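**Student:** What follows is run_16.cif; its format and atoms are mmCIF, C-alpha atoms.
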```cif
data_input
loop_
_atom_site.group_PDB
_atom_site.id
_atom_site.type_symbol
_atom_site.label_atom_id
_atom_site.label_comp_id
_atom_site.auth_asym_id
_atom_site.auth_seq_id
_atom_site.Cartn_x
_atom_site.Cartn_y
_atom_site.Cartn_z
ATOM 1 C CA MET A 1 -20.742 7.001 -18.866
ATOM 2 C CA SER A 2 -19.047 4.211 -20.779
ATOM 3 C CA THR A 3 -20.736 4.694 -24.199
ATOM 4 C CA THR A 4 -21.292 7.694 -26.435
ATOM 5 C CA ARG A 5 -24.470 9.561 -25.589
ATOM 6 C CA THR A 6 -26.593 10.376 -28.636
ATOM 7 C CA ALA A 7 -29.430 12.792 -29.268
ATOM 8 C CA TRP A 8 -31.857 9.913 -28.769
ATOM 9 C CA HIS A 9 -30.821 9.267 -25.156
ATOM 10 C CA PRO A 10 -32.805 12.155 -23.573
ATOM 11 C CA ALA A 11 -35.887 11.166 -25.543
ATOM 12 C CA PHE A 12 -35.588 7.576 -24.364
ATOM 13 C CA THR A 13 -35.202 8.665 -20.728
ATOM 14 C CA VAL A 14 -38.304 10.889 -20.984
ATOM 15 C CA PHE A 15 -40.147 7.988 -22.570
ATOM 16 C CA LEU A 16 -39.210 5.692 -19.677
ATOM 17 C CA ARG A 17 -40.283 8.237 -17.097
ATOM 18 C CA GLU A 18 -43.603 8.862 -18.830
ATOM 19 C CA ARG A 19 -44.479 5.219 -19.357
ATOM 20 C CA ARG A 20 -43.141 3.832 -16.057
ATOM 21 C CA PRO A 21 -45.449 2.211 -13.499
ATOM 22 C CA SER A 22 -46.225 4.295 -10.416
ATOM 23 C CA TRP A 23 -43.970 2.142 -8.225
ATOM 24 C CA ALA A 24 -40.816 2.609 -10.383
ATOM 25 C CA GLU A 25 -38.358 5.511 -10.584
ATOM 26 C CA VAL A 26 -36.106 6.450 -13.519
ATOM 27 C CA ASP A 27 -32.846 8.410 -13.049
ATOM 28 C CA ALA A 28 -30.525 9.429 -15.870
ATOM 29 C CA GLU A 29 -26.738 9.551 -16.094
ATOM 30 C CA VAL A 30 -26.097 7.681 -12.837
ATOM 31 C CA ALA A 31 -22.428 6.990 -12.038
ATOM 32 C CA LEU A 32 -21.932 3.289 -11.401
ATOM 33 C CA ALA A 33 -18.738 3.754 -9.362
ATOM 34 C CA ALA A 34 -17.288 6.488 -7.166
ATOM 35 C CA GLU A 35 -14.075 6.401 -9.211
ATOM 36 C CA PRO A 36 -13.179 5.353 -12.757
ATOM 37 C CA LEU A 37 -12.763 1.589 -13.005
ATOM 38 C CA ARG A 38 -9.120 0.528 -13.109
ATOM 39 C CA ILE A 39 -7.696 -2.974 -13.027
ATOM 40 C CA ASP A 40 -4.642 -3.400 -10.798
ATOM 41 C CA ASP A 41 -2.395 -5.076 -13.380
ATOM 42 C CA VAL A 42 -2.627 -6.258 -16.969
ATOM 43 C CA VAL A 43 -0.403 -9.116 -18.166
ATOM 44 C CA THR A 44 0.052 -9.678 -21.901
ATOM 45 C CA LEU A 45 2.224 -11.841 -24.132
ATOM 46 C CA ARG A 46 5.464 -10.147 -25.192
ATOM 47 C CA ASP A 47 5.926 -9.510 -28.877
ATOM 48 C CA GLY A 48 8.741 -11.551 -30.352
ATOM 49 C CA HIS A 49 8.972 -13.882 -27.340
ATOM 50 C CA PRO A 50 7.376 -17.286 -28.018
ATOM 51 C CA ARG A 51 5.731 -18.904 -25.031
ATOM 52 C CA ASP A 52 8.105 -21.308 -23.293
ATOM 53 C CA ALA A 53 6.363 -23.749 -20.953
ATOM 54 C CA ARG A 54 9.676 -24.357 -19.171
ATOM 55 C CA ASP A 55 9.848 -20.700 -18.098
ATOM 56 C CA GLU A 56 7.506 -20.373 -15.108
ATOM 57 C CA GLY A 57 8.911 -17.072 -13.869
ATOM 58 C CA GLN A 58 10.698 -16.623 -10.558
ATOM 59 C CA SER A 59 7.543 -16.593 -8.454
ATOM 60 C CA LEU A 60 3.792 -17.202 -8.718
ATOM 61 C CA ARG A 61 4.931 -20.048 -10.931
ATOM 62 C CA GLY A 62 1.496 -21.585 -11.335
ATOM 63 C CA LEU A 63 -0.162 -18.329 -12.401
ATOM 64 C CA TRP A 64 1.525 -17.757 -15.742
ATOM 65 C CA ARG A 65 0.175 -20.912 -17.329
ATOM 66 C CA HIS A 66 -3.313 -19.350 -17.124
ATOM 67 C CA LEU A 67 -2.294 -16.458 -19.372
ATOM 68 C CA ARG A 68 -3.954 -16.633 -22.770
ATOM 69 C CA ALA A 69 -3.946 -13.404 -24.808
ATOM 70 C CA VAL A 70 -4.299 -11.169 -21.741
ATOM 71 C CA MET A 71 -4.688 -11.536 -17.970
ATOM 72 C CA LEU A 72 -6.465 -8.958 -15.808
ATOM 73 C CA VAL A 73 -5.060 -9.170 -12.279
ATOM 74 C CA GLU A 74 -6.928 -7.825 -9.254
ATOM 75 C CA PHE A 75 -4.932 -7.869 -5.993
ATOM 76 C CA LYS A 76 -6.504 -7.791 -2.514
ATOM 77 C CA SER A 77 -4.061 -6.932 0.258
ATOM 78 C CA ARG A 78 -4.052 -7.605 3.981
ATOM 79 C CA ALA A 79 -5.123 -3.980 4.490
ATOM 80 C CA ARG A 80 -8.203 -4.493 2.317
ATOM 81 C CA ALA A 81 -9.215 -8.119 2.037
ATOM 82 C CA PHE A 82 -11.830 -9.406 -0.405
ATOM 83 C CA ARG A 83 -15.180 -7.732 0.235
ATOM 84 C CA HIS A 84 -18.709 -8.116 -1.042
ATOM 85 C CA GLY A 85 -18.901 -6.862 -4.620
ATOM 86 C CA ASP A 86 -15.273 -7.480 -5.507
ATOM 87 C CA LEU A 87 -16.060 -10.560 -7.591
ATOM 88 C CA HIS A 88 -18.718 -8.769 -9.624
ATOM 89 C CA ARG A 89 -16.335 -5.851 -10.131
ATOM 90 C CA LEU A 90 -13.654 -8.171 -11.510
ATOM 91 C CA LEU A 91 -16.179 -9.794 -13.846
ATOM 92 C CA ALA A 92 -17.207 -6.315 -14.989
ATOM 93 C CA TYR A 93 -13.561 -5.524 -15.788
ATOM 94 C CA GLY A 94 -13.480 -8.567 -18.033
ATOM 95 C CA HIS A 95 -16.700 -7.605 -19.819
ATOM 96 C CA LEU A 96 -15.478 -4.037 -20.315
ATOM 97 C CA TRP A 97 -12.126 -5.230 -21.656
ATOM 98 C CA CYS A 98 -13.888 -7.399 -24.234
ATOM 99 C CA ALA A 99 -16.326 -4.629 -25.144
ATOM 100 C CA GLU A 100 -13.692 -1.908 -25.563
ATOM 101 C CA ARG A 101 -11.091 -4.047 -27.346
ATOM 102 C CA LYS A 102 -13.364 -6.477 -29.191
ATOM 103 C CA ALA A 103 -11.598 -9.355 -27.458
ATOM 104 C CA LEU A 104 -12.993 -12.849 -27.076
ATOM 105 C CA PRO A 105 -13.925 -13.669 -23.456
ATOM 106 C CA ALA A 106 -12.086 -16.994 -23.713
ATOM 107 C CA ASP A 107 -8.861 -15.069 -24.411
ATOM 108 C CA VAL A 108 -9.181 -12.859 -21.307
ATOM 109 C CA THR A 109 -8.078 -14.526 -18.071
ATOM 110 C CA LEU A 110 -9.294 -13.004 -14.819
ATOM 111 C CA ALA A 111 -6.902 -13.441 -11.886
ATOM 112 C CA LEU A 112 -7.942 -12.651 -8.328
ATOM 113 C CA VAL A 113 -4.902 -12.584 -6.011
ATOM 114 C CA VAL A 114 -5.787 -12.749 -2.307
ATOM 115 C CA PRO A 115 -3.882 -13.389 0.953
ATOM 116 C CA GLY A 116 -6.338 -16.163 1.777
ATOM 117 C CA ILE A 117 -9.826 -17.431 0.979
ATOM 118 C CA ASN A 118 -12.301 -15.662 3.286
ATOM 119 C CA ASP A 119 -16.044 -15.962 3.957
ATOM 120 C CA ALA A 120 -16.844 -12.968 1.750
ATOM 121 C CA LEU A 121 -15.289 -14.653 -1.275
ATOM 122 C CA ARG A 122 -16.953 -17.989 -0.543
ATOM 123 C CA GLY A 123 -20.319 -16.257 -0.121
ATOM 124 C CA GLU A 124 -20.047 -14.237 -3.318
ATOM 125 C CA LEU A 125 -19.082 -17.302 -5.338
ATOM 126 C CA ALA A 126 -21.984 -19.274 -3.873
ATOM 127 C CA ALA A 127 -24.454 -16.445 -4.545
ATOM 128 C CA ALA A 128 -23.312 -16.382 -8.175
ATOM 129 C CA GLY A 129 -23.737 -20.136 -8.474
ATOM 130 C CA LEU A 130 -19.996 -20.640 -8.950
ATOM 131 C CA THR A 131 -17.722 -23.274 -7.449
ATOM 132 C CA LEU A 132 -14.109 -22.748 -6.422
ATOM 133 C CA GLY A 133 -12.053 -25.735 -7.517
ATOM 134 C CA LEU A 134 -9.521 -25.903 -4.672
ATOM 135 C CA ARG A 135 -6.014 -27.031 -5.607
ATOM 136 C CA GLU A 136 -3.094 -27.919 -3.364
ATOM 137 C CA ASP A 137 -0.793 -25.499 -5.156
ATOM 138 C CA GLY A 138 -3.005 -22.495 -4.284
ATOM 139 C CA TYR A 139 -4.071 -21.658 -7.857
ATOM 140 C CA HIS A 140 -7.795 -22.336 -7.596
ATOM 141 C CA GLU A 141 -9.921 -22.318 -10.752
ATOM 142 C CA VAL A 142 -13.533 -21.190 -11.129
ATOM 143 C CA ALA A 143 -15.547 -22.831 -13.907
ATOM 144 C CA GLY A 144 -18.780 -21.761 -15.576
ATOM 145 C CA LEU A 145 -17.784 -18.266 -16.757
ATOM 146 C CA PRO A 146 -17.207 -16.879 -20.263
ATOM 147 C CA SER A 147 -13.661 -15.930 -19.225
ATOM 148 C CA PRO A 148 -11.359 -18.250 -17.258
ATOM 149 C CA LEU A 149 -11.038 -17.166 -13.625
ATOM 150 C CA VAL A 150 -8.220 -18.207 -11.280
ATOM 151 C CA VAL A 151 -7.971 -17.330 -7.582
ATOM 152 C CA ALA A 152 -4.358 -17.225 -6.377
ATOM 153 C CA GLU A 153 -4.156 -17.836 -2.604
ATOM 154 C CA LEU A 154 -0.876 -16.258 -1.495
ATOM 155 C CA ARG A 155 -0.584 -18.000 1.895
ATOM 156 C CA VAL A 156 -0.581 -21.389 0.232
ATOM 157 C CA ILE A 157 1.591 -20.304 -2.685
ATOM 158 C CA ALA A 158 4.206 -18.613 -0.475
ATOM 159 C CA ALA A 159 4.578 -21.739 1.645
ATOM 160 C CA ARG A 160 4.905 -24.043 -1.371
ATOM 161 C CA GLU A 161 7.259 -21.784 -3.329
ATOM 162 C CA GLY A 162 9.267 -20.570 -0.317
ATOM 163 C CA ASP A 163 8.917 -16.933 -1.354
ATOM 164 C CA ASP A 164 9.531 -14.393 1.448
ATOM 165 C CA VAL A 165 7.971 -11.465 -0.426
ATOM 166 C CA LEU A 166 4.751 -13.379 -1.113
ATOM 167 C CA ARG A 167 4.698 -14.461 2.527
ATOM 168 C CA TRP A 168 4.946 -10.812 3.629
ATOM 169 C CA LEU A 169 2.110 -9.883 1.256
ATOM 170 C CA ALA A 170 -0.061 -12.638 2.697
ATOM 171 C CA VAL A 171 0.735 -12.937 6.412
ATOM 172 C CA GLU A 172 0.948 -10.203 9.043
ATOM 173 C CA GLY A 173 4.255 -10.169 10.915
ATOM 174 C CA ALA A 174 6.028 -12.309 8.301
ATOM 175 C CA LEU A 175 8.433 -9.631 7.059
ATOM 176 C CA THR A 176 11.886 -11.194 6.859
ATOM 177 C CA LEU A 177 15.185 -9.432 6.215
ATOM 178 C CA ALA A 178 15.220 -10.921 2.705
ATOM 179 C CA ALA A 179 11.791 -9.453 1.959
ATOM 180 C CA LEU A 180 12.771 -6.112 3.486
ATOM 181 C CA ARG A 181 15.864 -6.029 1.305
ATOM 182 C CA TRP A 182 13.703 -6.633 -1.777
ATOM 183 C CA ILE A 183 11.231 -3.902 -0.783
ATOM 184 C CA ARG A 184 13.991 -1.354 -0.258
ATOM 185 C CA GLN A 185 15.582 -2.208 -3.600
ATOM 186 C CA HIS A 186 12.454 -2.244 -5.724
ATOM 187 C CA VAL A 187 9.694 -0.211 -4.079
ATOM 188 C CA HIS A 188 11.467 2.702 -2.365
ATOM 189 C CA THR A 189 13.398 3.947 -5.382
ATOM 190 C CA GLY A 190 11.498 7.174 -6.089
ATOM 191 C CA SER A 191 9.751 5.905 -9.199
ATOM 192 C CA ASP A 192 8.377 8.545 -11.546
ATOM 193 C CA ASP A 193 5.422 6.262 -12.229
ATOM 194 C CA MET A 194 2.556 7.675 -10.152
ATOM 195 C CA SER A 195 0.954 4.228 -9.884
ATOM 196 C CA MET A 196 4.103 2.963 -8.121
ATOM 197 C CA GLN A 197 4.299 5.732 -5.523
ATOM 198 C CA ILE A 198 3.353 4.933 -1.929
ATOM 199 C CA ASP A 199 1.889 7.814 0.063
ATOM 200 C CA GLU A 200 -0.375 8.512 3.038
ATOM 201 C CA ASP A 201 -3.508 8.615 0.881
ATOM 202 C CA LEU A 202 -3.327 4.878 0.206
ATOM 203 C CA GLU A 203 -5.452 2.617 2.394
ATOM 204 C CA GLY A 204 -3.275 0.683 4.840
ATOM 205 C CA PHE A 205 -0.322 3.096 4.494
ATOM 206 C CA TYR A 206 0.414 3.323 8.219
ATOM 207 C CA GLN A 207 0.190 -0.440 8.703
ATOM 208 C CA TYR A 208 2.579 -0.854 5.761
ATOM 209 C CA ALA A 209 5.016 1.764 7.075
ATOM 210 C CA LYS A 210 4.904 0.397 10.640
ATOM 211 C CA GLU A 211 5.832 -3.102 9.482
ATOM 212 C CA LEU A 212 8.818 -1.778 7.551
ATOM 213 C CA MET A 213 9.970 0.462 10.415
ATOM 214 C CA LYS A 214 10.094 -2.475 12.822
ATOM 215 C CA LYS A 215 12.718 -4.151 10.649
ATOM 216 C CA LEU A 216 14.930 -1.101 10.106
ATOM 217 C CA PRO A 217 18.061 -0.654 12.242
ATOM 218 C CA LEU A 218 17.543 1.856 15.047
ATOM 219 C CA GLU A 219 19.910 4.418 13.531
ATOM 220 C CA GLU A 220 17.882 4.402 10.288
ATOM 221 C CA ARG A 221 14.603 4.861 12.162
ATOM 222 C CA LEU A 222 16.001 7.928 13.950
ATOM 223 C CA GLU A 223 17.907 9.346 10.985
ATOM 224 C CA ASP A 224 15.367 11.996 9.946
ATOM 225 C CA LEU A 225 14.174 12.909 13.454
ATOM 226 C CA ALA A 226 15.217 16.071 15.257
ATOM 227 C CA PRO A 227 16.717 15.529 18.763
ATOM 228 C CA GLU A 228 13.529 16.671 20.487
ATOM 229 C CA GLN A 229 11.495 14.213 18.385
ATOM 230 C CA ARG A 230 13.767 11.329 19.368
ATOM 231 C CA LEU A 231 13.206 12.106 23.057
ATOM 232 C CA ALA A 232 9.489 12.891 22.849
ATOM 233 C CA GLY A 233 7.409 10.854 25.280
ATOM 234 C CA LEU A 234 10.346 9.705 27.415
ATOM 235 C CA ALA A 235 10.404 10.287 31.181
ATOM 236 C CA PRO A 236 13.298 12.469 32.458
ATOM 237 C CA GLU A 237 15.161 9.481 33.878
ATOM 238 C CA GLN A 238 14.809 7.685 30.523
ATOM 239 C CA ARG A 239 16.273 10.650 28.653
ATOM 240 C CA LEU A 240 19.313 10.629 30.924
ATOM 241 C CA ALA A 241 19.799 6.856 31.013
ATOM 242 C CA GLY A 242 23.309 5.820 29.968
ATOM 243 C CA LEU A 243 24.780 9.324 30.203
ATOM 244 C CA SER A 244 27.967 9.992 32.115
ATOM 245 C CA GLU A 245 27.938 12.346 35.087
ATOM 246 C CA ALA A 246 29.464 15.099 32.958
ATOM 247 C CA ASP A 247 26.821 14.645 30.241
ATOM 248 C CA ARG A 248 24.079 14.790 32.880
ATOM 249 C CA VAL A 249 25.468 18.082 34.112
ATOM 250 C CA LEU A 250 25.705 19.444 30.576
ATOM 251 C CA ALA A 251 22.045 18.516 30.067
ATOM 252 C CA LEU A 252 21.050 21.010 32.788
ATOM 253 C CA PRO A 253 19.738 24.458 31.797
ATOM 254 C CA ASP A 254 22.079 27.436 32.208
ATOM 255 C CA ALA A 255 20.317 28.642 35.359
ATOM 256 C CA ALA A 256 20.927 25.297 37.067
ATOM 257 C CA LEU A 257 24.576 25.265 35.948
ATOM 258 C CA ARG A 258 25.157 28.677 37.555
ATOM 259 C CA ALA A 259 23.819 27.331 40.853
ATOM 260 C CA LEU A 260 26.374 24.496 40.996
ATOM 261 C CA PRO A 261 29.413 25.052 43.286
ATOM 262 C CA ALA A 262 32.640 25.936 41.496
ATOM 263 C CA ASP A 263 34.556 23.249 43.407
ATOM 264 C CA TYR A 264 32.099 20.607 42.086
ATOM 265 C CA LEU A 265 32.440 21.811 38.491
ATOM 266 C CA ALA A 266 36.220 21.574 38.894
ATOM 267 C CA THR A 267 35.873 17.791 39.350
ATOM 268 C CA LEU A 268 34.414 17.373 35.866
ATOM 269 C CA PRO A 269 36.544 16.516 32.812
ATOM 270 C CA ALA A 270 38.344 19.456 31.220
ATOM 271 C CA ASP A 271 36.284 19.401 28.018
ATOM 272 C CA ALA A 272 33.043 19.498 30.034
ATOM 273 C CA GLN A 273 34.363 22.435 32.102
ATOM 274 C CA ALA A 274 35.282 24.282 28.899
ATOM 275 C CA ARG A 275 31.796 23.819 27.462
ATOM 276 C CA ILE A 276 30.213 25.046 30.705
ATOM 277 C CA HIS A 277 32.442 28.135 30.731
ATOM 278 C CA THR A 278 31.469 28.856 27.103
ATOM 279 C CA ARG A 279 27.747 28.513 27.851
ATOM 280 C CA LEU A 280 27.895 30.706 30.954
ATOM 281 C CA GLY A 281 30.273 33.255 29.402
ATOM 282 C CA ARG A 282 32.897 32.877 32.075
#
```
Once you've parsed the file, please lay out its structure as structure tokens.

**Tutor:**
Amino acid sequence: MSTTRTAWHPAFTVFLRERRPSWAEVDAEVALAAEPLRIDDVVTLRDGHPRDARDEGQSLRGLWRHLRAVMLVEFKSRARAFRHGDLHRLLAYGHLWCAERKALPADVTLALVVPGINDALRGELAAAGLTLGLREDGYHEVAGLPSPLVVAELRVIAAREGDDVLRWLAVEGALTLAALRWIRQHVHTGSDDMSMQIDEDLEGFYQYAKELMKKLPLEERLEDLAPEQRLAGLAPEQRLAGLSEADRVLALPDAALRALPADYLATLPADAQARIHTRLGR
């Protein structure tokens, strides 16, 4: 419930139920969302820092010019692209921000950041009677709303601005070493901020982790795995591939080692013979 419930609310609900037509139903205290509404990011003007039109930031350079008093940013990832209802939800965020903070709609910019423009977004805009003003720079504006709305298309922006991190956010399989280096420096630092933590409960976690793992050096991928985990799923010949004859012998169980002729064991390197003697207690 977004507003304070007064003693008059139950009376009004009973009144609606009593006076309703036979074909209508009245329910009270219905949750409008499964979870509390939260905007992904809020951008505001910094106190004591006058706006400088020459400073366009290091990336998303065309986005910052749309900032008025505040910008509400909703990000749609490759794991969860724009879906039906997302536009109305973003508009609701804007209305709620104005209602709770007594802000003017014209001062609240709504920014929808998407990997690319899909059919769901086109359909929702059309159903709302809105037109997407496509721009070559990827910062598309939507007119006809109380609050300014800009749709930032990351595929276009990443190509124009040459930004590897934006390209990774927008395009599957586009993770470069430069982007990986940025992710490891800024995202995997054990932040105490719960909103910055990445865990298995987040949608798309395994896709995210798999992409990063592909770019890690082999020794880093295996670092936290026990020996049996590293070998899991390999055929016997694959497990032994690249081993010397002595290492292959040492890989045998004790019972098999005892069955080997002493004259054969004597042909092995001295350190291998010593390890065999230790294992068999000879």

**Student:** Would you list the residues near (-10.8, -12.0, -22.3) (no more than 8 Å away, in the coordinates of the file, using only C-alpha atoms) as a VMD selection string?

**Tutor:** chain A and resid 69 to 71 94 to 95 97 to 98 103 to 110 147

**Student:** Any idea what's packed within 6 Å of segment 175-188 of chain A, counting all atoms listed in the file, ignoring anything in its chain fewer than 4 positions away? Could you give it as a PyMOL selection string?

**Tutor:** chain A and resi 164-165+168

**Student:** Let's have the selection written as a PDB file, in the coordinates of the input, with C-alpha atoms.

**Tutor:**
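again_17.pdb, freshly written:
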```
ATOM      1  CA  ASP A 164       9.531 -14.393   1.448  1.00  0.00           C
ATOM      2  CA  VAL A 165       7.971 -11.465  -0.426  1.00  0.00           C
ATOM      3  CA  TRP A 168       4.946 -10.812   3.629  1.00  0.00           C
TER       4      TRP A 168
END
```

**Student:** Do a neighbour search on Arg61 of chain A at 10 Å with only C-alpha atoms, toss out local chain neighbours closer than 4 positions, and write the hits as a ChimeraX atom specification.

**Tutor:** /A:55-57,65,137,139,157,161

**Student:** Taking into account all atoms listed in the file, which residue in the set A:Gly116, A:Pro148, A:Gly162, A:Gly129 is nearest to Leu91 of chain A?

**Tutor:**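 Smallest separation from Leu91 of chain A among the options: A:Pro148.
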
**Student:** Give me the residues near Arg83 of chain A as a ChimeraX atom specification, where near means some atom within 9 Å (using all atoms listed in the file) and where sequence neighbours in that chain fewer than 2 positions away do not count.

**Tutor:** /A:80-81,85-87,118,120-121,124

**Student:** Enumerate, as JSON, numbers by chain, the residues matched when the PyMOL selection byres ((chain A and resi 2-16) around 12) is run on the file above.

**Tutor:** {"A": [1, 17, 18, 19, 20, 21, 22, 24, 25, 26, 27, 28, 29, 30, 31, 32, 33, 36, 37, 96, 97, 99, 100]}

**Student:** What is the distance between atom CA of Leu125 of chain A and atom CA of Val73 of chain A, in Å to one decimal?

**Tutor:**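 Computing it gives 17.6 Å between the two atoms.
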
**Student:** Find the spatial neighbours of Arg38 of chain A, counting all atoms listed in the file, within a cut-off of 10 Å - ignore same-chain residues fewer than 6 positions away - and output them as a list of chain:residue names.

**Tutor:**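 Non-adjacent residues within range: A:Glu74, A:Leu90, A:Tyr93.
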
**Student:** Quick one: everything within 12 Å of segment 260-267 of chain A, counting all atoms listed in the file, minus sequence neighbours fewer than 6 positions away in the same chain. Send it as a list in words.

**Tutor:**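 The residues that qualify are Glu245, Ala246, Val249, Leu250, Leu252, Pro253, Asp254, Gln273, Ala274, Arg275, Ile276, His277, Leu280 and Arg282 of chain A.
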
**Student:** Enclose the full set of atoms of segment 66-73 of chain A listed in the file within a box whose edges lie along x, y and z, apply 6 Å of padding to each of the six sides, and report centre and edge lengths in Å to one decimal as JSON.

**Tutor:**
```
{"center_x": -4.4, "center_y": -14.2, "center_z": -18.5, "size_x": 16.2, "size_y": 22.4, "size_z": 24.5}
```

**Student:** Atom CA of Glu172 of chain A and atom CA of Arg78 of chain A are how many Å apart?

**Tutor:**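 Spanning atom CA of Glu172 of chain A to atom CA of Arg78 of chain A is a straight-line distance of 7.6 Å.
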
**Student:** Would you work out the distance separating atom CA of Val156 of chain A from atom CA of Gly138 of chain A, expressed in Å to one decimal?

**Tutor:** 5.2 Å
